[in-house]
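Reading through the structure tokens given below for one structure.
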Amino acid sequence: MEPSIQRLLLSDREIHLRDGSDLAARAHILLRQQKETWPLLRAGYAGLAEVRTRTIAMDGFTIRVQWNPARIVSSSARVDDESIRRRKCFLCPANLLAEQRGILFASSYIVLCNPFPIFEEHFTIPHTTHTMQRIGSSFGTMLDLAHAMQKRYMLTYNGPKSGASAPDHLHFQAGEKGFLPLEKEITRLVAGGEVLADTKTMQVVAVDAGLRRHIVLRSGERESLIGALRVVESAFAEATGDKEEPMMNILASFDRGTWTVLIFPRAKHRPSMYFAQGDERILISPAAVDCGGVLTTPLEKDFQRLTADRIREIFGEIFLSAGMFQKACAHLSRNLTTR
Ligand SMILES: [Zn+2]
């Protein structure tokens, strides 16, 4: 193992195996250790304790707006090719800060603490090598992580042009279950959704409600889900004309033998309000957490101005239009196996 990775890992002694040996328990212990030894992380969580939130009732679902000043780093991150090439990658093991520690998963991913948290317990889980953010070849690992962390956490993925602040370095994030409003709403939304496939091993439902059109996969079989994601990817690619990975955010969790995977196809990375001049500008850069119903903004004035109407406008812009979504769903029903 490379020395830069070796030095990161917490030893079993530091983890205190008596607290449990599954990945969720280990990550929880890592966070405690890092809050004690890493000042930047401690400051991040102190900032999180001060955030202000507001709950906005939409038609049939809720959005929580979070004013989180520390998120200025990611909300305003420059993710164009040139800026990415010029910066030192903050997820490469060799570039991590001296205080940072982690837990190895499947010999090629490291669970790290996110110093700019939105969740009460927020992790970033990068690949150990500098490789492009792509879901096609890594979705199986996302499912494995959701499974390994099921006791406390759920997983998120942001596509390279859909909110990932390191589009050039493969990574997931994890946060505590029960934090996102959508987790409580999903059963009702699925019940009102359109069933695209319902087989012995998997259910696929399209949810075209609440301005966040998305696809829900439910299955206890890893391989069925990987196959379904492939079909979902090609359906979105066809509907949007994207040549590379179609823009999307994904939430995944595992409960009582079943994975639930929510896939949000995107039409845009940032809403036009983000690029507006003067007072019209609202610094909001939606990613998976926002899809889950927690909209973060680093500026107080934007926090005050995020009304139901503005949220409707933002969501209407960044997610697929009804027409494109229907086109993708038609492709999905044709191509998902119905065994
Ligand atoms: Zn990197």
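Order determines the names: the first chain of the structure tokens is A, the second B, and so forth; residues in each chain are numbered 1 upward, and ligands are numbered 1 upward as they are shown.
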
Write as number ranges by chain the residues around ligand 1, taking 7 Å as the cut-off and counting only C-alpha atoms and all ligand atoms.
A: 89-92, 129-131, 168-169

Please give the complete set of residues from stretch 60-129 of chain A that DSSP, run on the backbone, assigns to strand (DSSP E or B), formatted as a ChimeraX atom specification.
/A:62-67,102-105,109-113,122-127

Restricted to C-alpha atoms, what would the selected residues look like written as a PDB file, in the first residue's frame?
ATOM      1  CA  THR A  62     -41.333  20.093   2.120  1.00  0.00           C
ATOM      2  CA  ILE A  63     -38.058  21.856   1.524  1.00  0.00           C
ATOM      3  CA  ARG A  64     -35.709  22.870   4.290  1.00  0.00           C
ATOM      4  CA  VAL A  65     -33.541  25.855   3.496  1.00  0.00           C
ATOM      5  CA  GLN A  66     -30.229  25.940   5.348  1.00  0.00           C
ATOM      6  CA  TRP A  67     -28.132  29.088   5.704  1.00  0.00           C
ATOM      7  CA  GLY A 102      -9.639   7.677   7.172  1.00  0.00           C
ATOM      8  CA  ILE A 103     -10.970   4.152   6.953  1.00  0.00           C
ATOM      9  CA  LEU A 104     -10.214   1.950   3.987  1.00  0.00           C
ATOM     10  CA  PHE A 105     -13.147   0.304   2.199  1.00  0.00           C
ATOM     11  CA  TYR A 109     -11.925   3.787  -1.246  1.00  0.00           C
ATOM     12  CA  ILE A 110     -11.261   5.840   1.900  1.00  0.00           C
ATOM     13  CA  VAL A 111     -13.946   7.127   4.233  1.00  0.00           C
ATOM     14  CA  LEU A 112     -12.957  10.685   5.216  1.00  0.00           C
ATOM     15  CA  CYS A 113     -14.707  13.392   7.235  1.00  0.00           C
ATOM     16  CA  HIS A 122     -20.938  14.037   6.902  1.00  0.00           C
ATOM     17  CA  PHE A 123     -18.347  11.914   5.090  1.00  0.00           C
ATOM     18  CA  THR A 124     -16.615  12.063   1.732  1.00  0.00           C
ATOM     19  CA  ILE A 125     -15.531   8.719   0.313  1.00  0.00           C
ATOM     20  CA  PRO A 126     -13.002   9.123  -2.519  1.00  0.00           C
ATOM     21  CA  HIS A 127     -11.302   6.449  -4.574  1.00  0.00           C
TER      22      HIS A 127
END

May I ask which of the residues A:Gly292, A:Ala235, A:Thr201, A:Arg270 is the closest one to A:Glu185, counting only C-alpha atoms?
A:Gly292

For A:Ile72, please output as a PyMOL selection string all residues within 10 Å (counting only C-alpha atoms; exclusion window: fewer than 3 positions along the same chain).
chain A and resi 68-69+75-77+116+283-284+296-299

Hey, what's within 10 Å of stretch 82-84 of chain A if we count only C-alpha atoms and toss same-chain stuff fewer than 2 positions away? As number ranges by chain, please?
A: 77-80, 86-89, 165-168

For the residues selected in the previous step, produce a file with C-alpha atoms as a PDB file, in the first residue's frame.
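Generated file (out-v5.pdb):
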ATOM      1  CA  ALA A  77     -16.478  26.401  -6.519  1.00  0.00           C
ATOM      2  CA  ARG A  78     -15.151  26.813 -10.029  1.00  0.00           C
ATOM      3  CA  VAL A  79     -15.551  23.474 -11.718  1.00  0.00           C
ATOM      4  CA  ASP A  80     -14.611  24.388 -15.288  1.00  0.00           C
ATOM      5  CA  ARG A  86      -4.830  24.212 -12.117  1.00  0.00           C
ATOM      6  CA  ARG A  87      -5.839  23.324  -8.571  1.00  0.00           C
ATOM      7  CA  LYS A  88      -4.258  20.679  -6.367  1.00  0.00           C
ATOM      8  CA  CYS A  89      -6.807  17.874  -6.011  1.00  0.00           C
ATOM      9  CA  SER A 165     -16.868  19.830  -6.381  1.00  0.00           C
ATOM     10  CA  ALA A 166     -14.169  17.382  -7.538  1.00  0.00           C
ATOM     11  CA  PRO A 167     -15.442  16.260 -10.960  1.00  0.00           C
ATOM     12  CA  ASP A 168     -12.026  14.768 -11.710  1.00  0.00           C
TER      13      ASP A 168
END

Taking 4 positions as the minimum chain separation for residues in the same chain, which residues sit within 10 Å of A:Arg152 when counting only C-alpha atoms? Answer as a ChimeraX atom specification.
/A:23-25,27-28,121,146,148,174-178,253

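The closest residue to A:Ser162, picked from A:Asp302, A:Glu238, A:Asp144, A:Glu245 and counting only C-alpha atoms, is A:Glu245.
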